[in-house]
Amino acid sequence: MSMKYLRNLLSVVISILALSSVCFAGNEALDTDESVIMVYQAERKGSFLSEPGNVPIEFLRRVGRALNKTWPIDLANISAASIFEYNKVGKPDFLKPRKLAELNKEQKKTANELLGRYSSDAEELLQEIKPGEKCILMRAAAETEPLVEIFKEISDGKKFPGVIKQDQVYKVKNQLIPLLESSDYIICAAVLSEDGFEARLRIKSLDGKLANPAINHSLTIGKMINPDSLMAFAQTHPIENPAEVMAELMQMPQTESIKNMIASAGMDMEKDLIANGARESILYFNFEPTGEGGIPDVRFIAPIPDVKKLKSNLENLKQLCMQLGIFVKPIEQKFPLVRLSYFMFPQYGVYAGLIDEFLALATSDENLVKEMEFIKAVKSGKAEGEKIDDNLQRYWRVSFEDFNLQLQKFLQSPLMVSKGVPPITNLTMLDDLNDLKILTRLQPSSLDFSVFLPVKESKKTK
């Protein structure tokens, strides 16, 4: 199952659960009799954020003000539901939450039953978060069978043409839909308090059908995550059948010409490239313009399943690059590197190198060497990466400690200074926050997403 599509699913549910969205319901009357797909509930405990102007934390003040525009402070609970409407598929307001008061009698009944059916699951997730006496509690629930039918109709392309791209159809049909078919329901719980925001989303399989060996392998390179980065995204990739992937790709007209170009360079698209794709990777991003030409510092590392095969194909890959208009220039450094640049933008380059089984890429040779040195130091025990939980499929981290400083450096870089971008003031709200972390853990009975966005200890009310 593709992490990309799980991420999209997570972002949909979490964005709906966000306070401004859960309570965001238009005043227009609902005149559809379509079925309820998802249901949401928010509860205010201890009058939390009823007077956000008195809260010393800017992040919470902003959330509170947005919240109180649609949620009367004297109302302890508010509920909403998403309705499936054919004429809104692919549009921004598809599955937009609607207040229960706007639903018809049957829809209200269905929504209340859905919330009640999975209330114990929601409470279980809330207890994992351990909410305090003053907070906002949020719950959401959906059964997966209707979602399966929606994605089947969308991926078919007949009723809703153009909603998803052709190259995404394979992943929806072969990864996302099987995941939903192997599960029974989705439950989400979240807490907003002076400690910050924390959420859990669980896709539940009552029969333990989620233990697919193609998707449940865990991160093995977590110790390689470099703390020296503003953003780090480590995740596993699905172990797909190369023949099946190739067959699906061949349904797209442009694949034949790509296959022939790869063959002319002496390689087989399926056996040499698809079959040797990385099973996990780490991507780093810093706003600091230390990349070539003032572009941001972007780095990428991934262990190659068959590094010997990759090395034996280096000359062929060089030939393929030339055919695609990519210049390849060897660089003498502490490690053997190459600079790759596209003929239309020769001033910008990407640097690549191999260290043991790791393929490493970066937007500057200096940053690439530093990353390769870090990999070598970790493997030899001379350095340590980030500490992460075991048995994770994804670990995402965004640090806000230097976010404002790095952003300003980027806006003043040679790449941006002449682009006419209006000044962006410091996002002082981010100074209230510690690292944002998103974790994914897959077990036979559940697929769990955990979101952590804590407030700095020094910012909390004393």
# chains A, B, ... in the order shown; residues from 1 in each chain; ligands from 1
call {"tool": "residues_around", "arguments": {"residues": "Met372 of chain A", "least_positions_apart": "5", "cutoff": "9 Å", "atoms": "only C-alpha atoms", "output": "PyMOL selection string"}}
result
chain A and resi 335+353-355+358+360+367+377
call {"tool": "residues_around", "arguments": {"residues": "segment 189-198 of chain A", "least_positions_apart": "2", "cutoff": "7 Å", "atoms": "only C-alpha atoms", "output": "JSON, numbers by chain"}}
result
{"A": [122, 125, 126, 129, 131, 134, 135, 136, 137, 138, 139, 140, 187, 200, 201, 451, 452, 453, 454, 455, 460]}
call {"tool": "write_last_selection", "arguments": {"atoms": "N, CA and C atoms", "output": "compact mmCIF listing (two decimals), in the first residue's frame"}}
result
# COMPACT_ATOMS: atom_id res chain seq x y z
N ALA A 122 -13.18 5.22 20.00
CA ALA A 122 -12.72 6.60 20.12
C ALA A 122 -12.20 6.88 21.52
N LEU A 125 -8.70 5.54 21.95
CA LEU A 125 -7.68 6.41 21.38
C LEU A 125 -7.47 7.65 22.24
N LEU A 126 -8.55 8.19 22.77
CA LEU A 126 -8.42 9.37 23.63
C LEU A 126 -7.62 9.07 24.88
N ILE A 129 -4.02 9.34 24.40
CA ILE A 129 -3.55 10.73 24.41
C ILE A 129 -3.55 11.31 25.82
N PRO A 131 -6.19 13.09 27.74
CA PRO A 131 -6.61 14.49 27.77
C PRO A 131 -6.75 15.01 29.19
N LYS A 134 -9.05 20.62 30.84
CA LYS A 134 -9.38 21.73 29.96
C LYS A 134 -8.81 21.46 28.57
N CYS A 135 -9.69 21.21 27.62
CA CYS A 135 -9.22 20.87 26.27
C CYS A 135 -10.41 20.81 25.32
N ILE A 136 -10.11 20.58 24.07
CA ILE A 136 -11.10 20.29 23.04
C ILE A 136 -10.89 18.84 22.63
N LEU A 137 -11.94 18.03 22.73
CA LEU A 137 -11.89 16.63 22.30
C LEU A 137 -12.56 16.51 20.94
N MET A 138 -11.98 15.75 20.05
CA MET A 138 -12.55 15.54 18.72
C MET A 138 -12.60 14.06 18.40
N ARG A 139 -13.68 13.65 17.76
CA ARG A 139 -13.85 12.24 17.37
C ARG A 139 -14.37 12.21 15.95
N ALA A 140 -14.03 11.15 15.22
CA ALA A 140 -14.57 10.95 13.88
C ALA A 140 -14.65 9.46 13.61
N ILE A 187 -11.47 5.09 12.69
CA ILE A 187 -11.82 5.89 13.86
C ILE A 187 -10.69 6.88 14.12
N ARG A 200 -4.92 10.65 16.88
CA ARG A 200 -4.75 9.25 16.49
C ARG A 200 -5.80 8.92 15.44
N LEU A 201 -5.37 8.28 14.37
CA LEU A 201 -6.29 7.75 13.38
C LEU A 201 -6.00 6.27 13.23
N VAL A 451 -0.24 11.78 15.33
CA VAL A 451 0.22 13.14 15.04
C VAL A 451 0.51 13.84 16.36
N PHE A 452 1.69 14.43 16.45
CA PHE A 452 2.11 15.14 17.66
C PHE A 452 2.53 16.56 17.28
N LEU A 453 1.93 17.56 17.92
CA LEU A 453 2.35 18.95 17.72
C LEU A 453 2.34 19.62 19.09
N PRO A 454 3.40 19.42 19.88
CA PRO A 454 3.40 19.94 21.26
C PRO A 454 3.79 21.41 21.34
N VAL A 455 3.24 22.07 22.34
CA VAL A 455 3.64 23.44 22.67
C VAL A 455 4.91 23.37 23.51
N LYS A 460 3.92 27.29 28.11
CA LYS A 460 2.68 26.88 28.78
C LYS A 460 2.35 27.82 29.93
call {"tool": "residues_around", "arguments": {"residues": "Phe374 of chain A", "least_positions_apart": "4", "cutoff": "10 Å", "atoms": "only C-alpha atoms", "output": "ChimeraX atom specification"}}
result
/A:224-226,368-370,378-380,382-385
call {"tool": "write_last_selection", "arguments": {"atoms": "C-alpha atoms", "output": "compact mmCIF listing (two decimals), in the first residue's frame"}}
result
# COMPACT_ATOMS: atom_id res chain seq x y z
CA MET A 224 20.29 6.96 9.80
CA ILE A 225 17.91 9.91 10.23
CA ASN A 226 20.08 12.99 10.49
CA LEU A 368 26.19 15.49 -0.09
CA VAL A 369 29.65 14.85 1.36
CA LYS A 370 28.42 15.84 4.82
CA VAL A 378 26.57 6.09 12.13
CA LYS A 379 27.53 2.74 10.62
CA SER A 380 30.85 2.83 12.48
CA LYS A 382 30.83 7.28 15.89
CA ALA A 383 27.55 9.19 15.48
CA GLU A 384 23.88 8.71 16.32
CA GLY A 385 20.77 9.52 14.34
call {"tool": "residues_around", "arguments": {"residues": "segment 322-328 of chain A", "least_positions_apart": "2", "cutoff": "10 Å", "atoms": "only C-alpha atoms", "output": "list in words"}}
result
Met261, Ile262, Ser264, Ala265, Asn316, Leu317, Lys318, Gln319, Leu320, Pro330, Ile331, Val338, Arg339, Leu340, Ser341, Tyr342, Phe343, Met344, Phe345, Pro346, Gly349, Val350 and Tyr351 of chain A
call {"tool": "residues_around", "arguments": {"residues": "Ala247 of chain A", "least_positions_apart": "4", "cutoff": "12 Å", "atoms": "only C-alpha atoms", "output": "VMD selection string"}}
result
chain A and resid 170 241 to 243 251 to 252 255 to 256 259 269 to 270 274
call {"tool": "write_last_selection", "arguments": {"atoms": "N, CA and C atoms", "output": "CSV table (one decimal), in the first residue's frame"}}
result
chain,number,residue,atom,x,y,z
A,170,TYR,N,-3.2,2.7,-10.8
A,170,TYR,CA,-2.7,1.4,-10.3
A,170,TYR,C,-2.6,1.4,-8.8
A,241,ASN,N,5.1,-6.3,-7.0
A,241,ASN,CA,5.5,-7.3,-8.0
A,241,ASN,C,5.9,-6.5,-9.3
A,242,PRO,N,7.2,-6.6,-9.7
A,242,PRO,CA,7.7,-5.8,-10.9
A,242,PRO,C,6.9,-6.1,-12.1
A,243,ALA,N,6.5,-7.3,-12.3
A,243,ALA,CA,5.7,-7.7,-13.5
A,243,ALA,C,4.4,-7.0,-13.6
A,251,GLN,N,-0.1,0.2,-19.9
A,251,GLN,CA,-1.4,0.6,-20.4
A,251,GLN,C,-1.3,2.1,-20.7
A,252,MET,N,-0.3,2.8,-20.3
A,252,MET,CA,-0.1,4.2,-20.7
A,252,MET,C,0.7,4.3,-22.0
A,255,THR,N,4.6,4.9,-22.0
A,255,THR,CA,5.5,3.9,-21.4
A,255,THR,C,6.3,3.1,-22.5
A,256,GLU,N,5.7,2.8,-23.6
A,256,GLU,CA,6.4,2.1,-24.7
A,256,GLU,C,7.7,2.8,-25.1
A,259,LYS,N,10.3,2.7,-22.4
A,259,LYS,CA,10.8,1.3,-22.3
A,259,LYS,C,11.9,1.1,-23.4
A,269,MET,N,13.7,-2.3,-18.4
A,269,MET,CA,13.0,-1.4,-17.5
A,269,MET,C,12.4,-2.2,-16.3
A,270,GLU,N,11.9,-3.4,-16.5
A,270,GLU,CA,11.3,-4.1,-15.4
A,270,GLU,C,12.4,-4.7,-14.5
A,274,ILE,N,12.7,-1.2,-12.1
A,274,ILE,CA,11.5,-1.4,-11.2
A,274,ILE,C,11.9,-2.4,-10.1
call {"tool": "select_by_dssp", "arguments": {"residues": "segment 200-279 of chain A", "states": "alpha helix (DSSP H)", "output": "list of chain:residue names"}}
result
A:Pro242, A:Ala243, A:Glu244, A:Val245, A:Met246, A:Ala247, A:Glu248, A:Leu249, A:Pro253, A:Gln254, A:Thr255, A:Glu256, A:Ser257, A:Ile258, A:Lys259, A:Asn260, A:Met261, A:Ile262, A:Ala263, A:Ser264
call {"tool": "select_by_dssp", "arguments": {"residues": "segment 55-293 of chain A", "states": "strand (DSSP E or B)", "output": "compact mmCIF listing (two decimals) with N, CA and C atoms, in the first residue's frame"}}
result
# COMPACT_ATOMS: atom_id res chain seq x y z
N ASN A 77 -21.01 20.82 22.90
CA ASN A 77 -20.73 19.82 21.87
C ASN A 77 -21.23 20.30 20.52
N ILE A 78 -20.56 19.85 19.48
CA ILE A 78 -21.02 20.13 18.12
C ILE A 78 -20.71 18.91 17.27
N SER A 79 -21.65 18.53 16.42
CA SER A 79 -21.48 17.34 15.58
C SER A 79 -21.69 17.71 14.12
N ALA A 80 -21.05 16.95 13.24
CA ALA A 80 -21.15 17.19 11.81
C ALA A 80 -21.00 15.87 11.08
N ALA A 81 -21.32 15.88 9.80
CA ALA A 81 -21.20 14.67 8.99
C ALA A 81 -20.86 15.04 7.56
N SER A 82 -20.20 14.13 6.86
CA SER A 82 -19.90 14.28 5.44
C SER A 82 -20.86 13.42 4.65
N ILE A 83 -21.46 14.01 3.64
CA ILE A 83 -22.43 13.32 2.80
C ILE A 83 -21.84 13.11 1.42
N ARG A 98 -21.02 18.90 7.34
CA ARG A 98 -22.25 19.66 7.52
C ARG A 98 -22.76 19.44 8.94
N LYS A 99 -23.25 20.50 9.57
CA LYS A 99 -23.81 20.34 10.90
C LYS A 99 -24.99 19.37 10.85
N CYS A 135 -9.69 21.21 27.62
CA CYS A 135 -9.22 20.87 26.27
C CYS A 135 -10.41 20.81 25.32
N ILE A 136 -10.11 20.58 24.07
CA ILE A 136 -11.10 20.29 23.04
C ILE A 136 -10.89 18.84 22.63
N LEU A 137 -11.94 18.03 22.73
CA LEU A 137 -11.89 16.63 22.30
C LEU A 137 -12.56 16.51 20.94
N MET A 138 -11.98 15.75 20.05
CA MET A 138 -12.55 15.54 18.72
C MET A 138 -12.60 14.06 18.40
N ARG A 139 -13.68 13.65 17.76
CA ARG A 139 -13.85 12.24 17.37
C ARG A 139 -14.37 12.21 15.95
N ALA A 140 -14.03 11.15 15.22
CA ALA A 140 -14.57 10.95 13.88
C ALA A 140 -14.65 9.46 13.61
N ALA A 141 -15.61 9.06 12.78
CA ALA A 141 -15.78 7.65 12.46
C ALA A 141 -16.28 7.49 11.04
N ALA A 142 -15.86 6.41 10.40
CA ALA A 142 -16.33 6.06 9.06
C ALA A 142 -16.19 4.57 8.88
N GLU A 143 -17.12 3.98 8.17
CA GLU A 143 -17.00 2.57 7.82
C GLU A 143 -16.40 2.48 6.42
N TYR A 185 -13.46 -0.38 9.61
CA TYR A 185 -13.87 0.99 9.91
C TYR A 185 -12.64 1.84 10.23
N ILE A 186 -12.85 3.15 10.20
CA ILE A 186 -11.82 4.13 10.52
C ILE A 186 -12.31 4.94 11.71
N ILE A 187 -11.47 5.09 12.69
CA ILE A 187 -11.82 5.89 13.86
C ILE A 187 -10.69 6.88 14.12
N CYS A 188 -11.06 8.07 14.52
CA CYS A 188 -10.06 9.11 14.78
C CYS A 188 -10.42 9.85 16.05
N ALA A 189 -9.42 10.21 16.82
CA ALA A 189 -9.61 11.00 18.03
C ALA A 189 -8.47 12.00 18.13
N ALA A 190 -8.78 13.18 18.63
CA ALA A 190 -7.75 14.21 18.75
C ALA A 190 -8.04 15.08 19.96
N VAL A 191 -6.99 15.68 20.48
CA VAL A 191 -7.10 16.56 21.65
C VAL A 191 -6.29 17.83 21.39
N LEU A 192 -6.93 18.96 21.63
CA LEU A 192 -6.25 20.25 21.59
C LEU A 192 -6.28 20.82 22.99
N SER A 193 -5.11 21.13 23.55
CA SER A 193 -5.03 21.66 24.91
C SER A 193 -3.85 22.62 24.96
N GLY A 196 -0.75 21.39 23.43
CA GLY A 196 -0.60 21.32 21.99
C GLY A 196 -1.70 20.49 21.37
N PHE A 197 -1.40 19.89 20.22
CA PHE A 197 -2.37 19.09 19.49
C PHE A 197 -1.83 17.67 19.34
N GLU A 198 -2.69 16.69 19.59
CA GLU A 198 -2.30 15.29 19.42
C GLU A 198 -3.48 14.53 18.85
N ALA A 199 -3.22 13.67 17.88
CA ALA A 199 -4.30 12.95 17.21
C ALA A 199 -3.91 11.51 16.93
N ARG A 200 -4.92 10.65 16.88
CA ARG A 200 -4.75 9.25 16.49
C ARG A 200 -5.80 8.92 15.44
N LEU A 201 -5.37 8.28 14.37
CA LEU A 201 -6.29 7.75 13.38
C LEU A 201 -6.00 6.27 13.23
N ARG A 202 -7.05 5.46 13.34
CA ARG A 202 -6.87 4.00 13.29
C ARG A 202 -7.78 3.40 12.23
N ILE A 203 -7.18 2.69 11.29
CA ILE A 203 -7.94 1.88 10.34
C ILE A 203 -7.96 0.47 10.91
N LYS A 204 -9.15 -0.02 11.22
CA LYS A 204 -9.30 -1.24 12.01
C LYS A 204 -9.77 -2.42 11.16
N MET A 231 13.41 19.49 8.15
CA MET A 231 12.37 18.50 7.91
C MET A 231 13.01 17.17 7.52
N ALA A 232 12.49 16.10 8.07
CA ALA A 232 12.97 14.76 7.74
C ALA A 232 11.77 13.86 7.51
N PHE A 233 11.78 13.14 6.40
CA PHE A 233 10.67 12.26 6.05
C PHE A 233 11.23 10.88 5.74
N ALA A 234 11.07 9.96 6.67
CA ALA A 234 11.53 8.58 6.48
C ALA A 234 10.32 7.68 6.33
N GLN A 235 10.35 6.81 5.33
CA GLN A 235 9.19 5.95 5.13
C GLN A 235 9.58 4.71 4.33
N THR A 236 8.76 3.68 4.49
CA THR A 236 8.93 2.47 3.70
C THR A 236 8.14 2.62 2.40
N GLU A 280 12.81 1.58 1.20
CA GLU A 280 12.64 2.65 2.20
C GLU A 280 13.58 3.79 1.85
N SER A 281 13.30 4.96 2.38
CA SER A 281 14.12 6.12 2.05
C SER A 281 13.96 7.20 3.10
N ILE A 282 14.88 8.17 3.05
CA ILE A 282 14.81 9.36 3.91
C ILE A 282 15.02 10.58 3.03
N LEU A 283 14.13 11.55 3.16
CA LEU A 283 14.22 12.82 2.44
C LEU A 283 14.39 13.94 3.46
N TYR A 284 15.34 14.84 3.21
CA TYR A 284 15.57 15.99 4.09
C TYR A 284 15.31 17.27 3.31
N PHE A 285 14.85 18.30 4.05
CA PHE A 285 14.64 19.60 3.43
C PHE A 285 15.01 20.69 4.41
N ASN A 286 15.85 21.63 3.95
CA ASN A 286 16.17 22.84 4.69
C ASN A 286 15.94 24.03 3.77
call {"tool": "residues_around", "arguments": {"residues": "segment 47-59 of chain A", "least_positions_apart": "3", "cutoff": "10 Å", "atoms": "only C-alpha atoms", "output": "ChimeraX atom specification"}}
result
/A:43-44,62-68,71-76,133-136,192-194,196,428-433,455-456,459-461
call {"tool": "write_last_selection", "arguments": {"atoms": "C-alpha atoms", "output": "short mmCIF file (atom, residue, chain, number, x, y, z; two decimals), in the first residue's frame"}}
result
data_model
loop_
_atom_site.label_atom_id
_atom_site.label_comp_id
_atom_site.auth_asym_id
_atom_site.auth_seq_id
_atom_site.Cartn_x
_atom_site.Cartn_y
_atom_site.Cartn_z
CA GLU A 43 -16.49 18.62 22.73
CA ARG A 44 -15.28 21.59 24.76
CA ARG A 62 -5.47 31.93 16.64
CA VAL A 63 -7.10 28.52 16.77
CA GLY A 64 -9.54 29.71 19.44
CA ARG A 65 -10.61 32.77 17.46
CA ALA A 66 -11.21 30.69 14.32
CA LEU A 67 -13.08 28.11 16.37
CA ASN A 68 -15.41 30.57 18.08
CA TRP A 71 -18.91 27.29 17.54
CA PRO A 72 -20.89 29.27 20.15
CA ILE A 73 -18.98 29.26 23.43
CA ASP A 74 -22.10 28.26 25.37
CA LEU A 75 -22.44 25.06 23.30
CA ALA A 76 -20.48 22.20 24.85
CA GLU A 133 -9.57 18.73 32.31
CA LYS A 134 -9.38 21.73 29.96
CA CYS A 135 -9.22 20.87 26.27
CA ILE A 136 -11.10 20.29 23.04
CA LEU A 192 -6.25 20.25 21.59
CA SER A 193 -5.03 21.66 24.91
CA GLU A 194 -2.42 24.03 26.27
CA GLY A 196 -0.60 21.32 21.99
CA THR A 428 5.83 34.05 15.34
CA MET A 429 3.12 31.46 16.02
CA LEU A 430 5.63 28.75 15.11
CA ASP A 431 7.90 29.88 17.94
CA ASP A 432 5.32 28.43 20.32
CA LEU A 433 5.74 24.90 18.97
CA VAL A 455 3.64 23.44 22.67
CA LYS A 456 7.03 24.35 24.10
CA LYS A 459 5.21 28.71 26.63
CA LYS A 460 2.68 26.88 28.78
CA THR A 461 0.60 28.71 31.34
#
call {"tool": "residues_around", "arguments": {"residues": "Thr363 of chain A", "least_positions_apart": "6", "cutoff": "10 Å", "atoms": "only C-alpha atoms", "output": "number ranges by chain"}}
result
A: 289-300, 339-340, 348-352
call {"tool": "write_last_selection", "arguments": {"atoms": "C-alpha atoms", "output": "mmCIF file, in the first residue's frame"}}
result
data_model
loop_
_atom_site.group_PDB
_atom_site.id
_atom_site.type_symbol
_atom_site.label_atom_id
_atom_site.label_comp_id
_atom_site.auth_asym_id
_atom_site.auth_seq_id
_atom_site.Cartn_x
_atom_site.Cartn_y
_atom_site.Cartn_z
ATOM 1 C CA PRO A 289 19.950 28.301 0.265
ATOM 2 C CA THR A 290 23.098 26.175 0.408
ATOM 3 C CA GLY A 291 22.189 24.232 -2.725
ATOM 4 C CA GLU A 292 23.772 25.050 -6.067
ATOM 5 C CA GLY A 293 22.533 28.343 -7.466
ATOM 6 C CA GLY A 294 20.955 29.316 -4.142
ATOM 7 C CA ILE A 295 18.330 26.584 -4.159
ATOM 8 C CA PRO A 296 17.346 25.012 -0.805
ATOM 9 C CA ASP A 297 19.301 22.197 0.795
ATOM 10 C CA VAL A 298 17.521 18.991 -0.226
ATOM 11 C CA ARG A 299 19.021 15.568 0.482
ATOM 12 C CA PHE A 300 17.837 12.022 -0.155
ATOM 13 C CA ARG A 339 26.881 16.130 -10.954
ATOM 14 C CA LEU A 340 23.630 15.741 -12.867
ATOM 15 C CA TYR A 348 21.415 23.940 -11.351
ATOM 16 C CA GLY A 349 22.730 20.518 -10.480
ATOM 17 C CA VAL A 350 21.937 17.495 -8.370
ATOM 18 C CA TYR A 351 24.868 15.563 -6.911
ATOM 19 C CA ALA A 352 24.787 11.787 -6.497
#
call {"tool": "closest_atom_pairs", "arguments": {"of": "segment 223-296 of chain A", "to": "segment 305-309 of chain A", "cutoff": "8 Å", "atoms": "only C-alpha atoms", "output": "tab-separated table"}}
result
residue	atom	partner	partner_atom	distance
A:Asp272	CA	A:Lys309	CA	7.5
A:Asn276	CA	A:Pro305	CA	5.9
A:Gly277	CA	A:Pro305	CA	7.1
A:Ala278	CA	A:Pro305	CA	6.4
A:Arg279	CA	A:Pro305	CA	7.5
call {"tool": "atom_distance", "arguments": {"atom1": "atom CA of Asp390 of chain A", "atom2": "atom CA of Leu219 of chain A"}}
result
8.0 Å
call {"tool": "atom_distance", "arguments": {"atom1": "atom CA of Asn87 of chain A", "atom2": "atom CA of Ser35 of chain A"}}
result
13.7 Å
call {"tool": "closest_residue", "arguments": {"among": "A:Ile424, A:Ile239, A:Val417, A:Leu392", "to": "Thr440 of chain A", "atoms": "only C-alpha atoms"}}
result
A:Leu392
call {"tool": "atom_distance", "arguments": {"atom1": "atom CA of Arg397 of chain A", "atom2": "atom CA of Ile438 of chain A"}}
result
6.6 Å
call {"tool": "decode", "arguments": {"residues": "segment 207-272 of chain A", "atoms": "C-alpha atoms", "output": "PDB file, in the first residue's frame"}}
result
ATOM      1  CA  ASP A 207     -10.261 -10.217  11.305  1.00  0.00           C
ATOM      2  CA  GLY A 208      -6.583  -9.154  11.320  1.00  0.00           C
ATOM      3  CA  LYS A 209      -6.363  -8.958   7.530  1.00  0.00           C
ATOM      4  CA  LEU A 210      -3.875  -6.084   7.361  1.00  0.00           C
ATOM      5  CA  ALA A 211      -0.766  -8.268   7.733  1.00  0.00           C
ATOM      6  CA  ASN A 212       0.193  -8.099   4.082  1.00  0.00           C
ATOM      7  CA  PRO A 213       3.948  -8.843   3.827  1.00  0.00           C
ATOM      8  CA  ALA A 214       4.168  -6.539   0.825  1.00  0.00           C
ATOM      9  CA  ILE A 215       3.261  -3.508   2.924  1.00  0.00           C
ATOM     10  CA  ASN A 216       3.925  -4.269   6.588  1.00  0.00           C
ATOM     11  CA  HIS A 217       7.721  -4.222   6.560  1.00  0.00           C
ATOM     12  CA  SER A 218       9.171  -1.717   9.021  1.00  0.00           C
ATOM     13  CA  LEU A 219      11.807   0.977   8.756  1.00  0.00           C
ATOM     14  CA  THR A 220      15.287  -0.426   9.187  1.00  0.00           C
ATOM     15  CA  ILE A 221      17.177   2.815   8.492  1.00  0.00           C
ATOM     16  CA  GLY A 222      15.676   4.903  11.298  1.00  0.00           C
ATOM     17  CA  LYS A 223      19.071   5.209  12.951  1.00  0.00           C
ATOM     18  CA  MET A 224      20.294   6.960   9.800  1.00  0.00           C
ATOM     19  CA  ILE A 225      17.907   9.908  10.228  1.00  0.00           C
ATOM     20  CA  ASN A 226      20.082  12.991  10.490  1.00  0.00           C
ATOM     21  CA  PRO A 227      18.966  15.411  13.264  1.00  0.00           C
ATOM     22  CA  ASP A 228      20.636  18.250  11.340  1.00  0.00           C
ATOM     23  CA  SER A 229      17.615  19.076   9.178  1.00  0.00           C
ATOM     24  CA  LEU A 230      14.547  21.262   9.340  1.00  0.00           C
ATOM     25  CA  MET A 231      12.365  18.502   7.909  1.00  0.00           C
ATOM     26  CA  ALA A 232      12.975  14.760   7.740  1.00  0.00           C
ATOM     27  CA  PHE A 233      10.669  12.256   6.047  1.00  0.00           C
ATOM     28  CA  ALA A 234      11.535   8.579   6.481  1.00  0.00           C
ATOM     29  CA  GLN A 235       9.194   5.951   5.129  1.00  0.00           C
ATOM     30  CA  THR A 236       8.927   2.471   3.695  1.00  0.00           C
ATOM     31  CA  HIS A 237       7.809   1.794   0.129  1.00  0.00           C
ATOM     32  CA  PRO A 238       5.531  -1.056  -0.940  1.00  0.00           C
ATOM     33  CA  ILE A 239       7.171  -4.247  -2.144  1.00  0.00           C
ATOM     34  CA  GLU A 240       5.393  -4.514  -5.465  1.00  0.00           C
ATOM     35  CA  ASN A 241       5.484  -7.258  -8.049  1.00  0.00           C
ATOM     36  CA  PRO A 242       7.657  -5.803 -10.852  1.00  0.00           C
ATOM     37  CA  ALA A 243       5.737  -7.694 -13.543  1.00  0.00           C
ATOM     38  CA  GLU A 244       2.395  -6.331 -12.296  1.00  0.00           C
ATOM     39  CA  VAL A 245       3.750  -2.794 -12.112  1.00  0.00           C
ATOM     40  CA  MET A 246       5.156  -3.122 -15.619  1.00  0.00           C
ATOM     41  CA  ALA A 247       1.874  -4.464 -16.983  1.00  0.00           C
ATOM     42  CA  GLU A 248      -0.007  -1.531 -15.492  1.00  0.00           C
ATOM     43  CA  LEU A 249       2.520   0.980 -16.809  1.00  0.00           C
ATOM     44  CA  MET A 250       2.238  -0.476 -20.281  1.00  0.00           C
ATOM     45  CA  GLN A 251      -1.381   0.632 -20.381  1.00  0.00           C
ATOM     46  CA  MET A 252      -0.109   4.201 -20.688  1.00  0.00           C
ATOM     47  CA  PRO A 253       0.935   5.129 -24.262  1.00  0.00           C
ATOM     48  CA  GLN A 254       4.128   6.938 -23.244  1.00  0.00           C
ATOM     49  CA  THR A 255       5.511   3.869 -21.445  1.00  0.00           C
ATOM     50  CA  GLU A 256       6.445   2.097 -24.682  1.00  0.00           C
ATOM     51  CA  SER A 257       8.765   4.909 -25.792  1.00  0.00           C
ATOM     52  CA  ILE A 258      10.343   5.075 -22.312  1.00  0.00           C
ATOM     53  CA  LYS A 259      10.839   1.309 -22.308  1.00  0.00           C
ATOM     54  CA  ASN A 260      12.522   1.464 -25.702  1.00  0.00           C
ATOM     55  CA  MET A 261      14.788   4.312 -24.620  1.00  0.00           C
ATOM     56  CA  ILE A 262      15.881   2.340 -21.557  1.00  0.00           C
ATOM     57  CA  ALA A 263      16.461  -0.734 -23.730  1.00  0.00           C
ATOM     58  CA  SER A 264      18.611   1.298 -26.132  1.00  0.00           C
ATOM     59  CA  ALA A 265      20.806   2.186 -23.150  1.00  0.00           C
ATOM     60  CA  GLY A 266      21.319  -1.542 -22.470  1.00  0.00           C
ATOM     61  CA  MET A 267      18.857  -2.041 -19.608  1.00  0.00           C
ATOM     62  CA  ASP A 268      15.561  -3.756 -18.989  1.00  0.00           C
ATOM     63  CA  MET A 269      12.962  -1.421 -17.484  1.00  0.00           C
ATOM     64  CA  GLU A 270      11.327  -4.105 -15.372  1.00  0.00           C
ATOM     65  CA  LYS A 271      14.324  -6.153 -14.228  1.00  0.00           C
ATOM     66  CA  ASP A 272      16.965  -3.438 -13.857  1.00  0.00           C
TER      67      ASP A 272
END
